[in-house]
file entry31.tsv (TSV, C-alpha atoms)
chain	number	residue	atom	x	y	z
A	28	MET	CA	-43.94	104.79	10.80
A	29	ARG	CA	-41.18	106.31	8.74
A	30	ARG	CA	-38.99	107.13	11.75
A	31	PRO	CA	-38.68	103.54	13.04
A	32	LEU	CA	-38.06	102.38	9.47
A	33	ARG	CA	-35.36	105.00	8.96
A	34	ARG	CA	-33.81	104.14	12.32
A	35	ASN	CA	-33.65	100.45	11.40
A	36	VAL	CA	-32.05	101.29	8.06
A	37	VAL	CA	-29.37	103.35	9.80
A	38	ARG	CA	-28.70	100.58	12.29
A	39	SER	CA	-28.48	98.02	9.51
A	40	ARG	CA	-25.96	100.14	7.64
A	41	ARG	CA	-23.84	100.49	10.76
A	42	ALA	CA	-23.97	96.75	11.37
A	43	ILE	CA	-22.92	95.94	7.81
A	44	ARG	CA	-20.16	98.56	7.94
A	45	SER	CA	-18.82	97.08	11.21
A	46	VAL	CA	-18.51	93.68	9.52
A	47	VAL	CA	-16.62	94.77	6.41
A	48	GLN	CA	-14.69	97.78	7.74
A	49	LEU	CA	-11.31	97.35	9.40
A	50	THR	CA	-10.59	99.02	12.73
A	51	PRO	CA	-8.49	102.16	12.20
A	52	ALA	CA	-4.94	101.22	13.14
A	53	PRO	CA	-1.40	101.42	11.72
A	54	TRP	CA	-0.65	98.92	8.99
A	55	ARG	CA	1.46	96.28	10.75
A	56	TRP	CA	2.94	94.65	7.67
A	57	GLN	CA	6.27	94.14	9.43
A	58	VAL	CA	4.76	91.90	12.10
A	59	GLY	CA	2.99	89.80	9.49
A	60	LEU	CA	6.15	89.49	7.42
A	61	GLU	CA	8.18	88.37	10.43
A	62	ALA	CA	5.58	85.78	11.39
A	63	GLY	CA	5.47	84.47	7.81
A	64	LEU	CA	9.25	84.19	7.63
A	65	ALA	CA	9.47	82.54	11.05
A	66	LEU	CA	6.95	79.92	9.94
A	67	GLY	CA	8.26	79.47	6.41
A	68	LEU	CA	11.95	79.26	7.28
A	69	PRO	CA	11.89	75.86	9.07
A	70	LEU	CA	9.38	74.51	6.55
A	71	GLY	CA	11.60	75.57	3.65
A	72	LEU	CA	14.88	74.40	5.15
A	73	PHE	CA	13.64	70.95	6.11
A	74	THR	CA	11.72	70.54	2.86
A	75	VAL	CA	14.95	71.13	0.94
A	76	ILE	CA	16.59	68.19	2.72
A	77	GLY	CA	13.51	66.03	2.17
A	78	GLN	CA	12.11	66.20	5.71
A	79	LEU	CA	8.86	68.13	5.47
A	80	GLY	CA	7.58	66.42	8.63
A	81	TRP	CA	10.48	67.84	10.62
A	82	GLY	CA	9.66	71.28	9.26
A	83	LEU	CA	6.06	71.01	10.41
A	84	GLN	CA	7.19	70.01	13.88
A	85	ALA	CA	9.74	72.83	14.02
A	86	ALA	CA	7.01	75.26	12.98
A	87	LEU	CA	5.55	74.91	16.49
A	88	GLY	CA	8.49	76.95	17.71
A	89	ALA	CA	7.79	79.65	15.15
A	90	PHE	CA	5.06	80.98	17.45
A	91	THR	CA	7.92	82.69	19.29
A	92	ALA	CA	7.90	85.46	16.69
A	93	LEU	CA	4.29	86.38	17.51
A	94	TYR	CA	5.10	87.71	20.97
A	95	GLY	CA	6.14	91.23	21.84
A	96	ALA	CA	5.12	92.57	18.43
A	97	SER	CA	4.40	96.00	19.91
A	98	LEU	CA	7.86	96.24	21.50
A	99	SER	CA	11.12	97.37	19.95
A	100	ARG	CA	13.55	94.79	18.58
A	101	ARG	CA	15.98	95.55	21.41
A	102	ASP	CA	13.33	94.65	23.98
A	103	ARG	CA	12.29	91.56	22.04
A	104	LEU	CA	15.94	90.55	22.02
A	105	HIS	CA	15.58	89.87	25.75
A	106	LEU	CA	11.92	88.82	25.86
A	107	LEU	CA	11.78	86.18	23.13
A	108	PRO	CA	14.30	83.75	24.69
A	109	LEU	CA	11.94	83.49	27.66
A	110	VAL	CA	8.99	82.88	25.35
A	111	ALA	CA	10.97	80.28	23.42
A	112	ALA	CA	11.93	78.52	26.65
A	113	GLY	CA	8.26	78.44	27.64
A	114	LEU	CA	7.21	76.91	24.31
A	115	VAL	CA	9.95	74.26	24.49
A	116	LEU	CA	8.97	73.47	28.08
A	117	ALA	CA	5.32	73.16	27.03
A	118	ALA	CA	6.34	70.75	24.26
A	119	ALA	CA	8.45	68.74	26.71
A	120	LEU	CA	5.56	68.46	29.17
A	121	GLY	CA	3.23	67.38	26.39
A	122	VAL	CA	5.67	64.69	25.29
A	123	ALA	CA	6.31	63.53	28.87
A	124	CYS	CA	2.58	63.00	29.49
A	125	SER	CA	1.74	61.57	26.07
A	126	GLY	CA	1.80	57.95	27.24
A	127	ASN	CA	-1.47	58.31	29.11
A	128	VAL	CA	-4.65	60.08	28.03
A	129	TRP	CA	-5.52	61.26	31.54
A	130	LEU	CA	-1.99	62.50	32.14
A	131	THR	CA	-2.26	64.45	28.91
A	132	SER	CA	-5.48	66.08	30.08
A	133	ALA	CA	-3.92	66.97	33.44
A	134	CYS	CA	-0.87	68.34	31.64
A	135	LEU	CA	-2.95	70.67	29.47
A	136	ILE	CA	-4.90	71.93	32.47
A	137	ILE	CA	-1.69	72.64	34.39
A	138	VAL	CA	-0.02	74.29	31.40
A	139	SER	CA	-3.07	76.49	30.83
A	140	ALA	CA	-3.15	77.52	34.51
A	141	VAL	CA	0.56	78.39	34.62
A	142	ALA	CA	0.56	80.07	31.20
A	143	CYS	CA	-2.49	82.17	32.06
A	144	THR	CA	-1.08	83.20	35.43
A	145	LEU	CA	2.21	84.33	33.92
A	146	ALA	CA	1.06	85.71	30.56
A	147	LEU	CA	-1.96	87.56	31.91
A	148	GLY	CA	-0.35	88.43	35.21
A	149	VAL	CA	2.53	90.35	33.62
A	150	ARG	CA	0.39	91.61	30.70
A	151	LEU	CA	2.51	89.81	28.13
A	152	GLY	CA	0.14	90.75	25.35
A	153	PRO	CA	-1.17	88.84	22.30
A	154	PRO	CA	-1.36	85.98	21.61
A	155	GLY	CA	-1.23	85.46	25.39
A	156	PRO	CA	-1.33	81.93	26.87
A	157	MET	CA	-2.95	80.37	23.80
A	158	MET	CA	0.20	79.21	22.03
A	159	PHE	CA	1.71	77.48	25.05
A	160	VAL	CA	-1.31	75.25	25.52
A	161	LEU	CA	-1.55	74.68	21.78
A	162	VAL	CA	2.11	73.58	21.59
A	163	ALA	CA	1.64	71.25	24.57
A	164	ALA	CA	-1.51	69.73	23.04
A	165	VAL	CA	-0.03	69.22	19.57
A	166	SER	CA	3.24	67.83	20.96
A	167	SER	CA	1.31	65.38	23.12
A	168	HIS	CA	-0.75	64.23	20.13
A	169	LEU	CA	2.32	63.79	17.93
A	170	ALA	CA	4.20	61.79	20.57
A	171	MET	CA	1.19	59.79	21.77
A	172	PRO	CA	1.28	56.07	20.83
A	173	LYS	CA	-0.92	55.10	17.92
A	174	VAL	CA	-2.94	52.72	20.08
A	175	LEU	CA	-4.11	55.76	22.04
A	176	GLY	CA	-5.02	57.69	18.92
A	177	GLY	CA	-1.76	59.61	18.53
A	178	VAL	CA	0.80	59.80	15.75
A	179	GLY	CA	3.54	57.90	17.59
A	180	LEU	CA	6.50	60.14	16.73
A	181	PRO	CA	9.69	60.04	18.86
A	182	GLY	CA	9.43	62.56	21.67
A	183	LEU	CA	12.99	63.83	22.08
A	184	PRO	CA	13.49	64.78	18.40
A	185	LEU	CA	10.15	66.59	18.55
A	186	ILE	CA	11.30	68.70	21.49
A	187	GLY	CA	14.56	69.43	19.69
A	188	LEU	CA	12.73	70.50	16.55
A	189	VAL	CA	10.50	72.87	18.54
A	190	ALA	CA	13.69	74.39	19.97
A	191	VAL	CA	15.12	74.75	16.46
A	192	GLY	CA	11.96	76.46	15.26
A	193	SER	CA	12.05	78.85	18.23
A	194	PHE	CA	15.68	79.70	17.55
A	195	LEU	CA	15.01	80.40	13.86
A	196	ALA	CA	12.05	82.61	14.78
A	197	TYR	CA	14.29	84.48	17.22
A	198	LEU	CA	16.85	85.05	14.48
A	199	VAL	CA	14.18	86.40	12.14
A	200	VAL	CA	13.27	89.05	14.71
A	201	VAL	CA	16.72	90.08	15.99
A	202	LEU	CA	19.00	89.73	12.95
A	203	PRO	CA	17.92	93.13	11.55
A	204	LEU	CA	19.68	94.67	14.57
A	205	LEU	CA	22.95	93.93	12.79
A	206	TRP	CA	22.21	96.97	10.61
A	207	PRO	CA	23.20	100.28	12.28
A	208	SER	CA	20.14	102.05	10.88
A	209	VAL	CA	17.83	99.50	12.52
A	210	ARG	CA	19.64	99.81	15.85
A	211	GLN	CA	19.36	103.58	15.68
A	212	ARG	CA	15.67	103.44	14.81
A	213	ASN	CA	14.93	101.09	17.71
A	214	GLY	CA	16.81	103.20	20.25
A	215	SER	CA	17.84	101.98	23.68
A	216	PRO	CA	16.09	98.99	25.26
A	217	THR	CA	13.45	99.78	27.84
A	218	GLY	CA	14.24	96.70	29.90
A	219	LEU	CA	12.00	93.81	30.86
A	220	ARG	CA	11.74	94.94	34.47
A	221	THR	CA	10.28	98.22	33.29
A	222	LEU	CA	7.93	96.65	30.74
A	223	PHE	CA	6.83	93.82	33.03
A	224	PRO	CA	7.53	95.13	36.54
A	225	ARG	CA	5.68	92.51	38.56
A	226	LEU	CA	3.10	89.77	38.52
A	227	HIS	CA	-0.27	91.37	39.17
A	228	LEU	CA	-3.40	89.26	39.41
A	229	ASP	CA	-6.40	91.53	39.71
A	230	ALA	CA	-9.98	90.29	39.88
A	231	ASP	CA	-10.47	90.39	36.09
A	232	THR	CA	-7.27	88.41	35.49
A	233	VAL	CA	-8.25	85.76	38.03
A	234	VAL	CA	-11.71	85.40	36.51
A	235	LEU	CA	-10.28	85.13	32.98
A	236	THR	CA	-7.71	82.57	34.13
A	237	VAL	CA	-10.39	80.45	35.76
A	238	ARG	CA	-12.54	80.64	32.62
A	239	ILE	CA	-9.67	79.50	30.43
A	240	VAL	CA	-8.68	76.64	32.72
A	241	VAL	CA	-12.30	75.50	32.89
A	242	ALA	CA	-12.52	75.74	29.09
A	243	VAL	CA	-9.45	73.51	28.73
A	244	ALA	CA	-10.80	71.03	31.27
A	245	VAL	CA	-14.17	70.84	29.49
A	246	ALA	CA	-12.44	70.50	26.11
A	247	THR	CA	-10.37	67.55	27.34
A	248	LEU	CA	-13.51	65.81	28.60
A	249	VAL	CA	-15.52	66.53	25.45
A	250	SER	CA	-12.71	65.47	23.09
A	251	ARG	CA	-12.61	61.90	24.42
A	252	PRO	CA	-16.12	60.71	23.43
A	253	LEU	CA	-15.83	62.62	20.15
A	254	GLY	CA	-12.63	60.79	19.24
A	255	LEU	CA	-10.61	64.00	19.30
A	256	THR	CA	-8.10	62.91	21.92
A	257	GLY	CA	-4.85	64.77	21.38
A	258	ARG	CA	-6.56	67.64	19.58
A	259	THR	CA	-7.76	69.44	22.69
A	260	GLY	CA	-5.72	72.51	21.85
A	261	TRP	CA	-7.74	73.10	18.70
A	262	CYS	CA	-10.99	72.67	20.64
A	263	CYS	CA	-9.86	75.25	23.21
A	264	ARG	CA	-9.27	77.85	20.53
A	265	ARG	CA	-13.00	78.01	19.84
A	266	TRP	CA	-13.69	79.36	23.32
A	267	PRO	CA	-14.00	83.20	23.15
A	268	CYS	CA	-12.42	83.70	26.59
A	269	TYR	CA	-9.37	81.72	25.47
A	270	ASN	CA	-8.39	84.24	22.85
A	271	ARG	CA	-8.49	87.27	25.12
A	272	ALA	CA	-5.06	88.44	26.22
A	273	PRO	CA	-5.22	92.19	26.81
A	274	ARG	CA	-1.99	94.09	26.79
A	275	ASP	CA	-3.30	96.82	29.03
A	276	GLY	CA	-5.18	96.21	32.21
call {"tool": "encode", "arguments": {"input": "entry31.tsv", "output": "structure tokens"}}
result
Amino acid sequence: MRRPLRRNVVRSRRAIRSVVQLTPAPWRWQVGLEAGLALGLPLGLFTVIGQLGWGLQAALGAFTALYGASLSRRDRLHLLPLVAAGLVLAAALGVACSGNVWLTSACLIIVSAVACTLALGVRLGPPGPMMFVLVAAVSSHLAMPKVLGGVGLPGLPLIGLVAVGSFLAYLVVVLPLLWPSVRQRNGSPTGLRTLFPRLHLDADTVVLTVRIVVAVAVATLVSRPLGLTGRTGWCCRRWPCYNRAPRDG
């Protein structure tokens, strides 16, 4: 009787410890600081000129700084412009399809399929395809006419503000390279062709891509009767498979 009781106590302790204990890993304060600056910079600049709304829209581009966090600054110098272009394109597609609810749903499904294929296929790493679909969904909601449940903001300025936010995030990451000590510490660039040699879709990647696309499709259908049209991106984030973007595979 005592052995099962003792075994349960040990298991309970392990379970509690797994909840409150952090996984052993290097303290990545630099990544968090960069992300905070990338997000706060557009908010602060536009708030100073009395345009907080512009700052919030530009903050969509700040997601650029989240990518390639495990790479050197020299490699991110070449990677992040591609990420920024993808986020701006996602915003543009969201705006272009914002005039029709069904077009918006189709847009999000297509963006999720393309983003998953590219991000997971080349092992882009966290946060994976999530931010591209999120930017497309939020942009569509902001540009969607009010009669359809959107905010009704002008589309072209929104796309421009996302581009501004991406550019500011890029500067936050690469400007430290102006210091010789930082350049020396980061060494020579590895090169994108070496880091991401080719698009490889193995069975696990295909299955994960299908799961994510299905999750987005279901979220778009569920959001309509719930009155959450335009907020599909936030619904998709709750799907566990949507947040998986392994760097190694």
call {"tool": "residues_around", "arguments": {"input": "entry31.tsv", "residues": "A:Ala244", "least_positions_apart": "3", "cutoff": "8 Å", "atoms": "only C-alpha atoms", "output": "MDAnalysis selection string"}}
result
chainID A and resid 132 136 240:241 247:248
call {"tool": "closest_atom_pairs", "arguments": {"input": "entry31.tsv", "of": "stretch 166-221 of chain A", "to": "stretch 61-67 of chain A", "cutoff": "9 Å", "atoms": "all atoms listed in the file", "output": "tab-separated table"}}
result
residue	atom	partner	partner_atom	distance
A:Gly192	CA	A:Ala65	CA	7.8
A:Ser193	CA	A:Ala65	CA	8.5
A:Leu195	CA	A:Ala65	CA	6.6
A:Ala196	CA	A:Ala65	CA	4.5
A:Tyr197	CA	A:Ala65	CA	8.1
A:Leu198	CA	A:Ala65	CA	8.5
A:Val199	CA	A:Ala65	CA	6.2
A:Val200	CA	A:Glu61	CA	6.7
call {"tool": "write_last_selection", "arguments": {"input": "entry31.tsv", "atoms": "C-alpha atoms", "output": "short mmCIF file (atom, residue, chain, number, x, y, z; two decimals), in the coordinates of the input"}}
result
data_model
loop_
_atom_site.label_atom_id
_atom_site.label_comp_id
_atom_site.auth_asym_id
_atom_site.auth_seq_id
_atom_site.Cartn_x
_atom_site.Cartn_y
_atom_site.Cartn_z
CA GLY A 192 11.96 76.46 15.26
CA SER A 193 12.05 78.85 18.23
CA LEU A 195 15.01 80.40 13.86
CA ALA A 196 12.05 82.61 14.78
CA TYR A 197 14.29 84.48 17.22
CA LEU A 198 16.85 85.05 14.48
CA VAL A 199 14.18 86.40 12.14
CA VAL A 200 13.27 89.05 14.71
#
call {"tool": "closest_residue", "arguments": {"input": "entry31.tsv", "among": "A:Pro154, A:Val128, A:Val141, A:Val201", "to": "A:Pro172", "atoms": "only C-alpha atoms"}}
result
A:Val128
call {"tool": "closest_residue", "arguments": {"input": "entry31.tsv", "among": "A:Ala85, A:Leu235, A:Leu175, A:Ala92", "to": "A:Gly59", "atoms": "all atoms listed in the file"}}
result
A:Ala92
call {"tool": "atom_distance", "arguments": {"input": "entry31.tsv", "atom1": "atom CA of A:Val75", "atom2": "atom CA of A:Ile186"}}
result
21.0 Å
call {"tool": "axis_aligned_box", "arguments": {"input": "entry31.tsv", "around": "stretch 222-235 of chain A", "padding_each_side": "6 Å", "output": "JSON"}}
result
{"center_x": -1.9, "center_y": 90.9, "center_z": 35.3, "size_x": 31.6, "size_y": 23.5, "size_z": 21.1}
call {"tool": "residues_around", "arguments": {"input": "entry31.tsv", "residues": "A:Cys134", "least_positions_apart": "3", "cutoff": "8 Å", "atoms": "all atoms listed in the file", "output": "PyMOL selection string"}}
result
chain A and resi 120-121+124+130-131+137-138
call {"tool": "residues_around", "arguments": {"input": "entry31.tsv", "residues": "A:Val160", "least_positions_apart": "3", "cutoff": "8 Å", "atoms": "all atoms listed in the file", "output": "list of chain:residue names"}}
result
A:Ala117, A:Leu135, A:Val138, A:Ser139, A:Ala142, A:Pro156, A:Met157, A:Ala163, A:Ala164, A:Gly260
call {"tool": "write_last_selection", "arguments": {"input": "entry31.tsv", "atoms": "C-alpha atoms", "output": "short mmCIF file (atom, residue, chain, number, x, y, z; two decimals), keeping the file's coordinate frame"}}
result
data_model
loop_
_atom_site.label_atom_id
_atom_site.label_comp_id
_atom_site.auth_asym_id
_atom_site.auth_seq_id
_atom_site.Cartn_x
_atom_site.Cartn_y
_atom_site.Cartn_z
CA ALA A 117 5.32 73.16 27.03
CA LEU A 135 -2.95 70.67 29.47
CA VAL A 138 -0.02 74.29 31.40
CA SER A 139 -3.07 76.49 30.83
CA ALA A 142 0.56 80.07 31.20
CA PRO A 156 -1.33 81.93 26.87
CA MET A 157 -2.95 80.37 23.80
CA ALA A 163 1.64 71.25 24.57
CA ALA A 164 -1.51 69.73 23.04
CA GLY A 260 -5.72 72.51 21.85
#
call {"tool": "residues_around", "arguments": {"input": "entry31.tsv", "residues": "stretch 93-105 of chain A", "least_positions_apart": "6", "cutoff": "8 Å", "atoms": "all atoms listed in the file", "output": "ChimeraX atom specification"}}
result
/A:58,62,151-154,197,200-201,204,210,213-219
call {"tool": "decode", "arguments": {"input": "entry31.tsv", "residues": "stretch 174-185 of chain A", "atoms": "all heavy atoms", "output": "PDB file, in the first residue's frame"}}
result
ATOM      1  N   VAL A 174     -19.860  47.523 -42.775  1.00  0.00           N
ATOM      2  CA  VAL A 174     -21.098  46.768 -42.967  1.00  0.00           C
ATOM      3  C   VAL A 174     -20.847  45.264 -42.932  1.00  0.00           C
ATOM      4  O   VAL A 174     -21.768  44.473 -42.697  1.00  0.00           O
ATOM      5  CB  VAL A 174     -21.767  47.160 -44.299  1.00  0.00           C
ATOM      6  CG1 VAL A 174     -22.234  48.601 -44.252  1.00  0.00           C
ATOM      7  CG2 VAL A 174     -20.820  46.929 -45.471  1.00  0.00           C
ATOM      8  N   LEU A 175     -19.605  44.864 -43.157  1.00  0.00           N
ATOM      9  CA  LEU A 175     -19.255  43.447 -43.118  1.00  0.00           C
ATOM     10  C   LEU A 175     -18.647  43.044 -41.773  1.00  0.00           C
ATOM     11  O   LEU A 175     -18.220  41.902 -41.603  1.00  0.00           O
ATOM     12  CB  LEU A 175     -18.267  43.108 -44.243  1.00  0.00           C
ATOM     13  CG  LEU A 175     -18.786  43.290 -45.674  1.00  0.00           C
ATOM     14  CD1 LEU A 175     -17.690  42.943 -46.685  1.00  0.00           C
ATOM     15  CD2 LEU A 175     -20.018  42.421 -45.912  1.00  0.00           C
ATOM     16  N   GLY A 176     -18.599  43.999 -40.854  1.00  0.00           N
ATOM     17  CA  GLY A 176     -18.066  43.707 -39.539  1.00  0.00           C
ATOM     18  C   GLY A 176     -16.622  44.110 -39.346  1.00  0.00           C
ATOM     19  O   GLY A 176     -16.024  43.792 -38.313  1.00  0.00           O
ATOM     20  N   GLY A 177     -16.051  44.812 -40.320  1.00  0.00           N
ATOM     21  CA  GLY A 177     -14.665  45.246 -40.225  1.00  0.00           C
ATOM     22  C   GLY A 177     -14.532  46.633 -39.626  1.00  0.00           C
ATOM     23  O   GLY A 177     -15.510  47.229 -39.156  1.00  0.00           O
ATOM     24  N   VAL A 178     -13.301  47.155 -39.684  1.00  0.00           N
ATOM     25  CA  VAL A 178     -13.021  48.479 -39.132  1.00  0.00           C
ATOM     26  C   VAL A 178     -13.193  49.562 -40.187  1.00  0.00           C
ATOM     27  O   VAL A 178     -13.520  50.704 -39.876  1.00  0.00           O
ATOM     28  CB  VAL A 178     -11.592  48.511 -38.539  1.00  0.00           C
ATOM     29  CG1 VAL A 178     -11.274  49.883 -37.955  1.00  0.00           C
ATOM     30  CG2 VAL A 178     -11.453  47.441 -37.465  1.00  0.00           C
ATOM     31  N   GLY A 179     -12.944  49.218 -41.451  1.00  0.00           N
ATOM     32  CA  GLY A 179     -13.145  50.175 -42.535  1.00  0.00           C
ATOM     33  C   GLY A 179     -12.000  51.149 -42.737  1.00  0.00           C
ATOM     34  O   GLY A 179     -12.217  52.262 -43.218  1.00  0.00           O
ATOM     35  N   LEU A 180     -10.776  50.755 -42.403  1.00  0.00           N
ATOM     36  CA  LEU A 180      -9.623  51.631 -42.609  1.00  0.00           C
ATOM     37  C   LEU A 180      -9.158  51.581 -44.069  1.00  0.00           C
ATOM     38  O   LEU A 180      -9.359  50.572 -44.748  1.00  0.00           O
ATOM     39  CB  LEU A 180      -8.462  51.215 -41.699  1.00  0.00           C
ATOM     40  CG  LEU A 180      -8.701  51.330 -40.188  1.00  0.00           C
ATOM     41  CD1 LEU A 180      -7.476  50.835 -39.435  1.00  0.00           C
ATOM     42  CD2 LEU A 180      -9.012  52.761 -39.810  1.00  0.00           C
ATOM     43  N   PRO A 181      -8.540  52.644 -44.561  1.00  0.00           N
ATOM     44  CA  PRO A 181      -7.999  52.629 -45.931  1.00  0.00           C
ATOM     45  C   PRO A 181      -6.938  51.542 -46.081  1.00  0.00           C
ATOM     46  O   PRO A 181      -6.072  51.375 -45.216  1.00  0.00           O
ATOM     47  CB  PRO A 181      -7.402  54.029 -46.097  1.00  0.00           C
ATOM     48  CG  PRO A 181      -8.050  54.869 -45.048  1.00  0.00           C
ATOM     49  CD  PRO A 181      -8.351  53.957 -43.901  1.00  0.00           C
ATOM     50  N   GLY A 182      -6.991  50.830 -47.190  1.00  0.00           N
ATOM     51  CA  GLY A 182      -6.115  49.690 -47.375  1.00  0.00           C
ATOM     52  C   GLY A 182      -4.672  50.034 -47.699  1.00  0.00           C
ATOM     53  O   GLY A 182      -3.734  49.475 -47.108  1.00  0.00           O
ATOM     54  N   LEU A 183      -4.471  50.958 -48.637  1.00  0.00           N
ATOM     55  CA  LEU A 183      -3.106  51.279 -49.065  1.00  0.00           C
ATOM     56  C   LEU A 183      -2.247  51.844 -47.934  1.00  0.00           C
ATOM     57  O   LEU A 183      -1.087  51.427 -47.771  1.00  0.00           O
ATOM     58  CB  LEU A 183      -3.146  52.246 -50.255  1.00  0.00           C
ATOM     59  CG  LEU A 183      -3.608  51.639 -51.588  1.00  0.00           C
ATOM     60  CD1 LEU A 183      -3.632  52.701 -52.683  1.00  0.00           C
ATOM     61  CD2 LEU A 183      -2.701  50.485 -52.000  1.00  0.00           C
ATOM     62  N   PRO A 184      -2.756  52.811 -47.152  1.00  0.00           N
ATOM     63  CA  PRO A 184      -1.943  53.267 -46.004  1.00  0.00           C
ATOM     64  C   PRO A 184      -1.608  52.143 -45.036  1.00  0.00           C
ATOM     65  O   PRO A 184      -0.522  52.128 -44.458  1.00  0.00           O
ATOM     66  CB  PRO A 184      -2.840  54.330 -45.346  1.00  0.00           C
ATOM     67  CG  PRO A 184      -3.719  54.813 -46.443  1.00  0.00           C
ATOM     68  CD  PRO A 184      -3.987  53.606 -47.290  1.00  0.00           C
ATOM     69  N   LEU A 185      -2.523  51.196 -44.845  1.00  0.00           N
ATOM     70  CA  LEU A 185      -2.274  50.071 -43.960  1.00  0.00           C
ATOM     71  C   LEU A 185      -1.084  49.241 -44.453  1.00  0.00           C
ATOM     72  O   LEU A 185      -0.191  48.883 -43.677  1.00  0.00           O
ATOM     73  CB  LEU A 185      -3.517  49.200 -43.854  1.00  0.00           C
ATOM     74  CG  LEU A 185      -3.369  47.860 -43.118  1.00  0.00           C
ATOM     75  CD1 LEU A 185      -2.895  48.069 -41.690  1.00  0.00           C
ATOM     76  CD2 LEU A 185      -4.685  47.095 -43.136  1.00  0.00           C
TER      77      LEU A 185
END
